[in-house]
Amino acid sequence: IGLVPNTDWIKGTVALSNRGEIEIDSRGATNVPGVFAAGDVTTVPFKQIIIAMGAGATAALGAFDHMIRQ
């Protein structure tokens, strides 16, 4: 919990915003095919637990959709 996302470990793997947040689309997908992210480390506008829970469900469904289409 904090104001700075803990994404140092993933730098150079997925696209990050200027604040260090993982950039995602509306399905939780990153710029790397098959890699999804959710929660406070992403570019979602509101950083609250209930938002992160919904984003987790969205990313899981996005990942499932990606997998069945491969």
# chains A, B, ... in the order shown; residues from 1 in each chain; ligands from 1

call {"tool": "residues_around", "arguments": {"residues": "Ala29 of chain A", "least_positions_apart": "3", "cutoff": "10 Å", "atoms": "only C-alpha atoms", "output": "compact mmCIF listing (two decimals) with C-alpha atoms, in the first residue's frame"}}
result
# COMPACT_ATOMS: atom_id res chain seq x y z
CA ILE A 22 1.51 -0.82 -15.80
CA GLU A 23 -0.37 0.38 -18.88
CA ILE A 24 -3.43 -1.76 -19.64
CA ASP A 25 -6.38 -1.68 -22.01
CA SER A 26 -10.06 -2.08 -21.10
CA VAL A 32 2.79 -7.99 -24.25
CA PRO A 33 0.42 -10.62 -25.73
CA GLY A 34 -0.90 -12.94 -23.03
CA VAL A 35 0.22 -10.73 -20.12
CA PHE A 36 -2.54 -9.16 -18.06
CA ALA A 37 -2.44 -6.90 -15.01
CA ALA A 38 -4.91 -5.57 -12.47
CA THR A 58 -11.85 -8.09 -15.80
CA ALA A 59 -8.22 -9.16 -16.29
CA ALA A 60 -9.11 -12.80 -15.53
CA GLY A 62 -9.63 -11.00 -20.60
CA ALA A 63 -6.94 -13.65 -20.06
CA HIS A 66 -7.16 -14.59 -24.93

call {"tool": "closest_residue", "arguments": {"among": "A:Arg27, A:Arg19, A:Lys47, A:Lys11", "to": "Leu61 of chain A", "atoms": "only C-alpha atoms"}}
result
A:Arg27

call {"tool": "residues_around", "arguments": {"residues": "Ile49 of chain A", "least_positions_apart": "3", "cutoff": "12 Å", "atoms": "only C-alpha atoms", "output": "number ranges by chain"}}
result
A: 1, 38-41, 44, 46, 52-56

call {"tool": "atom_distance", "arguments": {"atom1": "atom CA of Trp9 of chain A", "atom2": "atom CA of Ile50 of chain A"}}
result
25.0 Å

call {"tool": "atom_distance", "arguments": {"atom1": "atom CA of Ile68 of chain A", "atom2": "atom CA of Val14 of chain A"}}
result
22.4 Å

call {"tool": "atom_distance", "arguments": {"atom1": "atom CA of Ile10 of chain A", "atom2": "atom CA of Asp65 of chain A"}}
result
23.6 Å

call {"tool": "select_by_dssp", "arguments": {"residues": "chain A", "states": "alpha helix (DSSP H)", "output": "PDB file with all heavy atoms, in the first residue's frame"}}
result
ATOM      1  N   ILE A  49      -9.676  -0.659  -3.051  1.00  0.00           N
ATOM      2  CA  ILE A  49      -9.739  -2.120  -3.045  1.00  0.00           C
ATOM      3  C   ILE A  49     -10.882  -2.651  -3.909  1.00  0.00           C
ATOM      4  O   ILE A  49     -10.707  -3.618  -4.643  1.00  0.00           O
ATOM      5  CB  ILE A  49      -9.815  -2.672  -1.599  1.00  0.00           C
ATOM      6  CG1 ILE A  49      -9.657  -4.186  -1.586  1.00  0.00           C
ATOM      7  CG2 ILE A  49     -11.109  -2.270  -0.913  1.00  0.00           C
ATOM      8  CD1 ILE A  49      -8.297  -4.684  -1.970  1.00  0.00           C
ATOM      9  N   ILE A  50     -12.033  -2.029  -3.869  1.00  0.00           N
ATOM     10  CA  ILE A  50     -13.158  -2.532  -4.654  1.00  0.00           C
ATOM     11  C   ILE A  50     -12.907  -2.358  -6.153  1.00  0.00           C
ATOM     12  O   ILE A  50     -13.290  -3.206  -6.962  1.00  0.00           O
ATOM     13  CB  ILE A  50     -14.490  -1.887  -4.218  1.00  0.00           C
ATOM     14  CG1 ILE A  50     -15.684  -2.665  -4.771  1.00  0.00           C
ATOM     15  CG2 ILE A  50     -14.546  -0.434  -4.595  1.00  0.00           C
ATOM     16  CD1 ILE A  50     -15.844  -4.044  -4.217  1.00  0.00           C
ATOM     17  N   ILE A  51     -12.205  -1.302  -6.530  1.00  0.00           N
ATOM     18  CA  ILE A  51     -11.831  -1.099  -7.940  1.00  0.00           C
ATOM     19  C   ILE A  51     -10.849  -2.189  -8.350  1.00  0.00           C
ATOM     20  O   ILE A  51     -10.959  -2.771  -9.434  1.00  0.00           O
ATOM     21  CB  ILE A  51     -11.212   0.299  -8.151  1.00  0.00           C
ATOM     22  CG1 ILE A  51     -12.162   1.412  -7.694  1.00  0.00           C
ATOM     23  CG2 ILE A  51     -10.767   0.482  -9.586  1.00  0.00           C
ATOM     24  CD1 ILE A  51     -13.444   1.524  -8.469  1.00  0.00           C
ATOM     25  N   ALA A  52      -9.873  -2.486  -7.494  1.00  0.00           N
ATOM     26  CA  ALA A  52      -8.883  -3.519  -7.790  1.00  0.00           C
ATOM     27  C   ALA A  52      -9.546  -4.884  -7.925  1.00  0.00           C
ATOM     28  O   ALA A  52      -9.149  -5.687  -8.778  1.00  0.00           O
ATOM     29  CB  ALA A  52      -7.812  -3.547  -6.701  1.00  0.00           C
ATOM     30  N   MET A  53     -10.550  -5.162  -7.120  1.00  0.00           N
ATOM     31  CA  MET A  53     -11.251  -6.452  -7.216  1.00  0.00           C
ATOM     32  C   MET A  53     -11.962  -6.580  -8.559  1.00  0.00           C
ATOM     33  O   MET A  53     -11.893  -7.622  -9.215  1.00  0.00           O
ATOM     34  CB  MET A  53     -12.238  -6.589  -6.048  1.00  0.00           C
ATOM     35  CG  MET A  53     -11.546  -6.783  -4.721  1.00  0.00           C
ATOM     36  SD  MET A  53     -12.618  -6.661  -3.274  1.00  0.00           S
ATOM     37  CE  MET A  53     -14.035  -7.594  -3.720  1.00  0.00           C
ATOM     38  N   GLY A  54     -12.639  -5.539  -8.975  1.00  0.00           N
ATOM     39  CA  GLY A  54     -13.299  -5.553 -10.277  1.00  0.00           C
ATOM     40  C   GLY A  54     -12.304  -5.665 -11.417  1.00  0.00           C
ATOM     41  O   GLY A  54     -12.521  -6.393 -12.391  1.00  0.00           O
ATOM     42  N   ALA A  55     -11.179  -4.959 -11.298  1.00  0.00           N
ATOM     43  CA  ALA A  55     -10.137  -5.023 -12.330  1.00  0.00           C
ATOM     44  C   ALA A  55      -9.544  -6.422 -12.405  1.00  0.00           C
ATOM     45  O   ALA A  55      -9.198  -6.900 -13.491  1.00  0.00           O
ATOM     46  CB  ALA A  55      -9.047  -3.997 -12.040  1.00  0.00           C
ATOM     47  N   GLY A  56      -9.431  -7.094 -11.273  1.00  0.00           N
ATOM     48  CA  GLY A  56      -8.936  -8.471 -11.258  1.00  0.00           C
ATOM     49  C   GLY A  56      -9.868  -9.400 -12.012  1.00  0.00           C
ATOM     50  O   GLY A  56      -9.427 -10.262 -12.781  1.00  0.00           O
ATOM     51  N   ALA A  57     -11.162  -9.225 -11.811  1.00  0.00           N
ATOM     52  CA  ALA A  57     -12.146 -10.033 -12.537  1.00  0.00           C
ATOM     53  C   ALA A  57     -12.084  -9.729 -14.029  1.00  0.00           C
ATOM     54  O   ALA A  57     -12.129 -10.648 -14.859  1.00  0.00           O
ATOM     55  CB  ALA A  57     -13.550  -9.762 -11.994  1.00  0.00           C
ATOM     56  N   THR A  58     -11.952  -8.465 -14.390  1.00  0.00           N
ATOM     57  CA  THR A  58     -11.848  -8.086 -15.801  1.00  0.00           C
ATOM     58  C   THR A  58     -10.607  -8.692 -16.437  1.00  0.00           C
ATOM     59  O   THR A  58     -10.664  -9.249 -17.541  1.00  0.00           O
ATOM     60  CB  THR A  58     -11.814  -6.549 -15.942  1.00  0.00           C
ATOM     61  OG1 THR A  58     -13.033  -6.017 -15.421  1.00  0.00           O
ATOM     62  CG2 THR A  58     -11.642  -6.117 -17.384  1.00  0.00           C
ATOM     63  N   ALA A  59      -9.459  -8.604 -15.760  1.00  0.00           N
ATOM     64  CA  ALA A  59      -8.219  -9.164 -16.292  1.00  0.00           C
ATOM     65  C   ALA A  59      -8.314 -10.682 -16.422  1.00  0.00           C
ATOM     66  O   ALA A  59      -7.830 -11.262 -17.399  1.00  0.00           O
ATOM     67  CB  ALA A  59      -7.039  -8.771 -15.413  1.00  0.00           C
ATOM     68  N   ALA A  60      -8.951 -11.344 -15.455  1.00  0.00           N
ATOM     69  CA  ALA A  60      -9.111 -12.801 -15.531  1.00  0.00           C
ATOM     70  C   ALA A  60      -9.972 -13.186 -16.728  1.00  0.00           C
ATOM     71  O   ALA A  60      -9.644 -14.135 -17.459  1.00  0.00           O
ATOM     72  CB  ALA A  60      -9.729 -13.319 -14.238  1.00  0.00           C
ATOM     73  N   LEU A  61     -11.053 -12.470 -16.943  1.00  0.00           N
ATOM     74  CA  LEU A  61     -11.905 -12.754 -18.106  1.00  0.00           C
ATOM     75  C   LEU A  61     -11.187 -12.420 -19.406  1.00  0.00           C
ATOM     76  O   LEU A  61     -11.315 -13.148 -20.399  1.00  0.00           O
ATOM     77  CB  LEU A  61     -13.214 -11.976 -17.994  1.00  0.00           C
ATOM     78  CG  LEU A  61     -14.155 -12.463 -16.892  1.00  0.00           C
ATOM     79  CD1 LEU A  61     -15.286 -11.470 -16.680  1.00  0.00           C
ATOM     80  CD2 LEU A  61     -14.687 -13.841 -17.209  1.00  0.00           C
ATOM     81  N   GLY A  62     -10.417 -11.353 -19.417  1.00  0.00           N
ATOM     82  CA  GLY A  62      -9.631 -11.005 -20.596  1.00  0.00           C
ATOM     83  C   GLY A  62      -8.595 -12.070 -20.906  1.00  0.00           C
ATOM     84  O   GLY A  62      -8.389 -12.445 -22.063  1.00  0.00           O
ATOM     85  N   ALA A  63      -7.931 -12.587 -19.877  1.00  0.00           N
ATOM     86  CA  ALA A  63      -6.938 -13.647 -20.061  1.00  0.00           C
ATOM     87  C   ALA A  63      -7.609 -14.923 -20.559  1.00  0.00           C
ATOM     88  O   ALA A  63      -7.090 -15.605 -21.457  1.00  0.00           O
ATOM     89  CB  ALA A  63      -6.198 -13.908 -18.752  1.00  0.00           C
ATOM     90  N   PHE A  64      -8.762 -15.267 -20.001  1.00  0.00           N
ATOM     91  CA  PHE A  64      -9.503 -16.452 -20.449  1.00  0.00           C
ATOM     92  C   PHE A  64      -9.883 -16.315 -21.918  1.00  0.00           C
ATOM     93  O   PHE A  64      -9.685 -17.231 -22.712  1.00  0.00           O
ATOM     94  CB  PHE A  64     -10.758 -16.645 -19.590  1.00  0.00           C
ATOM     95  CG  PHE A  64     -11.623 -17.774 -20.059  1.00  0.00           C
ATOM     96  CD1 PHE A  64     -11.258 -19.086 -19.844  1.00  0.00           C
ATOM     97  CD2 PHE A  64     -12.812 -17.518 -20.738  1.00  0.00           C
ATOM     98  CE1 PHE A  64     -12.053 -20.136 -20.286  1.00  0.00           C
ATOM     99  CE2 PHE A  64     -13.612 -18.544 -21.172  1.00  0.00           C
ATOM    100  CZ  PHE A  64     -13.225 -19.866 -20.950  1.00  0.00           C
ATOM    101  N   ASP A  65     -10.393 -15.164 -22.294  1.00  0.00           N
ATOM    102  CA  ASP A  65     -10.763 -14.908 -23.687  1.00  0.00           C
ATOM    103  C   ASP A  65      -9.534 -15.038 -24.595  1.00  0.00           C
ATOM    104  O   ASP A  65      -9.605 -15.633 -25.664  1.00  0.00           O
ATOM    105  CB  ASP A  65     -11.386 -13.518 -23.810  1.00  0.00           C
ATOM    106  CG  ASP A  65     -11.901 -13.236 -25.198  1.00  0.00           C
ATOM    107  OD1 ASP A  65     -12.746 -14.007 -25.687  1.00  0.00           O
ATOM    108  OD2 ASP A  65     -11.441 -12.242 -25.809  1.00  0.00           O
ATOM    109  N   HIS A  66      -8.407 -14.495 -24.154  1.00  0.00           N
ATOM    110  CA  HIS A  66      -7.163 -14.589 -24.930  1.00  0.00           C
ATOM    111  C   HIS A  66      -6.774 -16.062 -25.122  1.00  0.00           C
ATOM    112  O   HIS A  66      -6.390 -16.478 -26.216  1.00  0.00           O
ATOM    113  CB  HIS A  66      -6.044 -13.823 -24.226  1.00  0.00           C
ATOM    114  CG  HIS A  66      -4.697 -13.999 -24.844  1.00  0.00           C
ATOM    115  ND1 HIS A  66      -4.309 -13.309 -25.969  1.00  0.00           N
ATOM    116  CD2 HIS A  66      -3.665 -14.801 -24.514  1.00  0.00           C
ATOM    117  CE1 HIS A  66      -3.087 -13.678 -26.297  1.00  0.00           C
ATOM    118  NE2 HIS A  66      -2.681 -14.583 -25.419  1.00  0.00           N
ATOM    119  N   MET A  67      -6.871 -16.837 -24.061  1.00  0.00           N
ATOM    120  CA  MET A  67      -6.460 -18.252 -24.107  1.00  0.00           C
ATOM    121  C   MET A  67      -7.351 -19.080 -25.023  1.00  0.00           C
ATOM    122  O   MET A  67      -6.849 -19.921 -25.773  1.00  0.00           O
ATOM    123  CB  MET A  67      -6.440 -18.839 -22.708  1.00  0.00           C
ATOM    124  CG  MET A  67      -5.311 -18.277 -21.854  1.00  0.00           C
ATOM    125  SD  MET A  67      -5.393 -18.800 -20.139  1.00  0.00           S
ATOM    126  CE  MET A  67      -5.228 -20.560 -20.298  1.00  0.00           C
ATOM    127  N   ILE A  68      -8.660 -18.861 -24.990  1.00  0.00           N
ATOM    128  CA  ILE A  68      -9.537 -19.698 -25.819  1.00  0.00           C
ATOM    129  C   ILE A  68      -9.453 -19.325 -27.289  1.00  0.00           C
ATOM    130  O   ILE A  68      -9.829 -20.111 -28.149  1.00  0.00           O
ATOM    131  CB  ILE A  68     -10.998 -19.681 -25.331  1.00  0.00           C
ATOM    132  CG1 ILE A  68     -11.614 -18.276 -25.427  1.00  0.00           C
ATOM    133  CG2 ILE A  68     -11.109 -20.247 -23.944  1.00  0.00           C
ATOM    134  CD1 ILE A  68     -13.102 -18.245 -25.156  1.00  0.00           C
ATOM    135  N   ARG A  69      -8.942 -18.137 -27.588  1.00  0.00           N
ATOM    136  CA  ARG A  69      -8.814 -17.715 -28.984  1.00  0.00           C
ATOM    137  C   ARG A  69      -7.460 -18.099 -29.592  1.00  0.00           C
ATOM    138  O   ARG A  69      -7.241 -17.907 -30.774  1.00  0.00           O
ATOM    139  CB  ARG A  69      -9.045 -16.221 -29.106  1.00  0.00           C
ATOM    140  CG  ARG A  69     -10.476 -15.841 -28.782  1.00  0.00           C
ATOM    141  CD  ARG A  69     -10.675 -14.334 -28.841  1.00  0.00           C
ATOM    142  NE  ARG A  69     -11.976 -13.965 -28.356  1.00  0.00           N
ATOM    143  CZ  ARG A  69     -13.091 -13.971 -29.077  1.00  0.00           C
ATOM    144  NH1 ARG A  69     -13.051 -14.348 -30.331  1.00  0.00           N
ATOM    145  NH2 ARG A  69     -14.241 -13.599 -28.547  1.00  0.00           N
TER     146      ARG A  69
END

call {"tool": "decode", "arguments": {"residues": "segment 4-20 of chain A", "atoms": "all heavy atoms", "output": "mmCIF file, in the first residue's frame"}}
result
data_model
loop_
_atom_site.group_PDB
_atom_site.id
_atom_site.type_symbol
_atom_site.label_atom_id
_atom_site.label_comp_id
_atom_site.auth_asym_id
_atom_site.auth_seq_id
_atom_site.Cartn_x
_atom_site.Cartn_y
_atom_site.Cartn_z
ATOM 1 N N VAL A 4 3.357 4.980 -4.627
ATOM 2 C CA VAL A 4 4.228 4.616 -5.734
ATOM 3 C C VAL A 4 4.055 3.125 -6.018
ATOM 4 O O VAL A 4 4.246 2.301 -5.127
ATOM 5 C CB VAL A 4 5.708 4.929 -5.394
ATOM 6 C CG1 VAL A 4 6.620 4.523 -6.542
ATOM 7 C CG2 VAL A 4 5.883 6.400 -5.061
ATOM 8 N N PRO A 5 3.676 2.756 -7.256
ATOM 9 C CA PRO A 5 3.481 1.335 -7.553
ATOM 10 C C PRO A 5 4.802 0.565 -7.494
ATOM 11 O O PRO A 5 5.846 1.077 -7.887
ATOM 12 C CB PRO A 5 2.909 1.342 -8.962
ATOM 13 C CG PRO A 5 3.294 2.643 -9.553
ATOM 14 C CD PRO A 5 3.426 3.604 -8.415
ATOM 15 N N ASN A 6 4.738 -0.662 -6.997
ATOM 16 C CA ASN A 6 5.919 -1.513 -6.864
ATOM 17 C C ASN A 6 6.115 -2.297 -8.156
ATOM 18 O O ASN A 6 5.809 -3.488 -8.233
ATOM 19 C CB ASN A 6 5.750 -2.444 -5.665
ATOM 20 C CG ASN A 6 6.993 -3.253 -5.393
ATOM 21 O OD1 ASN A 6 8.039 -3.028 -5.981
ATOM 22 N ND2 ASN A 6 6.869 -4.207 -4.499
ATOM 23 N N THR A 7 6.624 -1.629 -9.189
ATOM 24 C CA THR A 7 6.764 -2.254 -10.506
ATOM 25 C C THR A 7 8.206 -2.274 -11.005
ATOM 26 O O THR A 7 8.441 -2.569 -12.179
ATOM 27 C CB THR A 7 5.890 -1.525 -11.542
ATOM 28 O OG1 THR A 7 6.230 -0.131 -11.541
ATOM 29 C CG2 THR A 7 4.408 -1.697 -11.260
ATOM 30 N N ASP A 8 9.159 -2.014 -10.134
ATOM 31 C CA ASP A 8 10.564 -2.021 -10.566
ATOM 32 C C ASP A 8 10.958 -3.357 -11.176
ATOM 33 O O ASP A 8 11.737 -3.411 -12.121
ATOM 34 C CB ASP A 8 11.498 -1.698 -9.402
ATOM 35 C CG ASP A 8 11.471 -0.232 -9.022
ATOM 36 O OD1 ASP A 8 11.045 0.587 -9.864
ATOM 37 O OD2 ASP A 8 11.871 0.088 -7.888
ATOM 38 N N TRP A 9 10.421 -4.438 -10.650
ATOM 39 C CA TRP A 9 10.780 -5.779 -11.102
ATOM 40 C C TRP A 9 10.324 -6.076 -12.535
ATOM 41 O O TRP A 9 10.825 -7.001 -13.170
ATOM 42 C CB TRP A 9 10.201 -6.827 -10.145
ATOM 43 C CG TRP A 9 8.700 -6.817 -10.092
ATOM 44 C CD1 TRP A 9 7.908 -5.996 -9.330
ATOM 45 C CD2 TRP A 9 7.821 -7.631 -10.845
ATOM 46 N NE1 TRP A 9 6.588 -6.262 -9.565
ATOM 47 C CE2 TRP A 9 6.497 -7.279 -10.499
ATOM 48 C CE3 TRP A 9 8.008 -8.640 -11.779
ATOM 49 C CZ2 TRP A 9 5.379 -7.878 -11.049
ATOM 50 C CZ3 TRP A 9 6.878 -9.256 -12.320
ATOM 51 C CH2 TRP A 9 5.589 -8.866 -11.953
ATOM 52 N N ILE A 10 9.389 -5.306 -13.052
ATOM 53 C CA ILE A 10 8.848 -5.584 -14.387
ATOM 54 C C ILE A 10 9.278 -4.562 -15.441
ATOM 55 O O ILE A 10 8.914 -4.667 -16.602
ATOM 56 C CB ILE A 10 7.310 -5.717 -14.307
ATOM 57 C CG1 ILE A 10 6.792 -6.508 -15.475
ATOM 58 C CG2 ILE A 10 6.640 -4.362 -14.198
ATOM 59 C CD1 ILE A 10 5.405 -7.057 -15.291
ATOM 60 N N LYS A 11 10.083 -3.586 -15.038
ATOM 61 C CA LYS A 11 10.571 -2.581 -15.997
ATOM 62 C C LYS A 11 11.285 -3.264 -17.150
ATOM 63 O O LYS A 11 12.042 -4.209 -16.961
ATOM 64 C CB LYS A 11 11.532 -1.611 -15.318
ATOM 65 C CG LYS A 11 10.844 -0.570 -14.495
ATOM 66 C CD LYS A 11 11.824 0.412 -13.899
ATOM 67 C CE LYS A 11 11.080 1.423 -13.056
ATOM 68 N NZ LYS A 11 11.970 2.297 -12.321
ATOM 69 N N GLY A 12 11.008 -2.787 -18.356
ATOM 70 C CA GLY A 12 11.621 -3.361 -19.541
ATOM 71 C C GLY A 12 10.882 -4.562 -20.099
ATOM 72 O O GLY A 12 11.255 -5.091 -21.133
ATOM 73 N N THR A 13 9.832 -4.989 -19.406
ATOM 74 C CA THR A 13 9.033 -6.134 -19.873
ATOM 75 C C THR A 13 7.720 -5.667 -20.468
ATOM 76 O O THR A 13 7.359 -6.067 -21.568
ATOM 77 C CB THR A 13 8.760 -7.112 -18.712
ATOM 78 O OG1 THR A 13 10.006 -7.510 -18.139
ATOM 79 C CG2 THR A 13 8.017 -8.339 -19.198
ATOM 80 N N VAL A 14 6.982 -4.849 -19.724
ATOM 81 C CA VAL A 14 5.712 -4.297 -20.200
ATOM 82 C C VAL A 14 5.808 -2.776 -20.185
ATOM 83 O O VAL A 14 6.676 -2.204 -19.514
ATOM 84 C CB VAL A 14 4.505 -4.753 -19.336
ATOM 85 C CG1 VAL A 14 4.327 -6.258 -19.397
ATOM 86 C CG2 VAL A 14 4.644 -4.296 -17.903
ATOM 87 N N ALA A 15 4.909 -2.135 -20.905
ATOM 88 C CA ALA A 15 4.896 -0.665 -20.951
ATOM 89 C C ALA A 15 4.436 -0.104 -19.606
ATOM 90 O O ALA A 15 3.452 -0.570 -19.036
ATOM 91 C CB ALA A 15 3.975 -0.183 -22.061
ATOM 92 N N LEU A 16 5.177 0.892 -19.128
ATOM 93 C CA LEU A 16 4.839 1.568 -17.881
ATOM 94 C C LEU A 16 4.567 3.041 -18.161
ATOM 95 O O LEU A 16 5.154 3.635 -19.070
ATOM 96 C CB LEU A 16 5.986 1.459 -16.873
ATOM 97 C CG LEU A 16 6.416 0.057 -16.446
ATOM 98 C CD1 LEU A 16 7.615 0.148 -15.504
ATOM 99 C CD2 LEU A 16 5.275 -0.685 -15.777
ATOM 100 N N SER A 17 3.683 3.618 -17.358
ATOM 101 C CA SER A 17 3.413 5.054 -17.470
ATOM 102 C C SER A 17 4.593 5.829 -16.873
ATOM 103 O O SER A 17 5.499 5.238 -16.279
ATOM 104 C CB SER A 17 2.126 5.407 -16.725
ATOM 105 O OG SER A 17 2.339 5.330 -15.321
ATOM 106 N N ASN A 18 4.534 7.150 -16.982
ATOM 107 C CA ASN A 18 5.603 7.967 -16.393
ATOM 108 C C ASN A 18 5.610 7.891 -14.873
ATOM 109 O O ASN A 18 6.579 8.282 -14.239
ATOM 110 C CB ASN A 18 5.508 9.419 -16.879
ATOM 111 C CG ASN A 18 4.199 10.071 -16.502
ATOM 112 O OD1 ASN A 18 3.263 9.409 -16.069
ATOM 113 N ND2 ASN A 18 4.123 11.366 -16.693
ATOM 114 N N ARG A 19 4.549 7.391 -14.280
ATOM 115 C CA ARG A 19 4.481 7.204 -12.823
ATOM 116 C C ARG A 19 4.862 5.788 -12.404
ATOM 117 O O ARG A 19 4.794 5.444 -11.231
ATOM 118 C CB ARG A 19 3.068 7.492 -12.316
ATOM 119 C CG ARG A 19 2.680 8.926 -12.421
ATOM 120 C CD ARG A 19 1.368 9.159 -11.723
ATOM 121 N NE ARG A 19 0.640 10.180 -12.442
ATOM 122 C CZ ARG A 19 -0.672 10.248 -12.509
ATOM 123 N NH1 ARG A 19 -1.410 9.349 -11.922
ATOM 124 N NH2 ARG A 19 -1.249 11.212 -13.183
ATOM 125 N N GLY A 20 5.203 4.944 -13.388
ATOM 126 C CA GLY A 20 5.589 3.564 -13.080
ATOM 127 C C GLY A 20 4.429 2.600 -13.026
ATOM 128 O O GLY A 20 4.590 1.454 -12.605
#
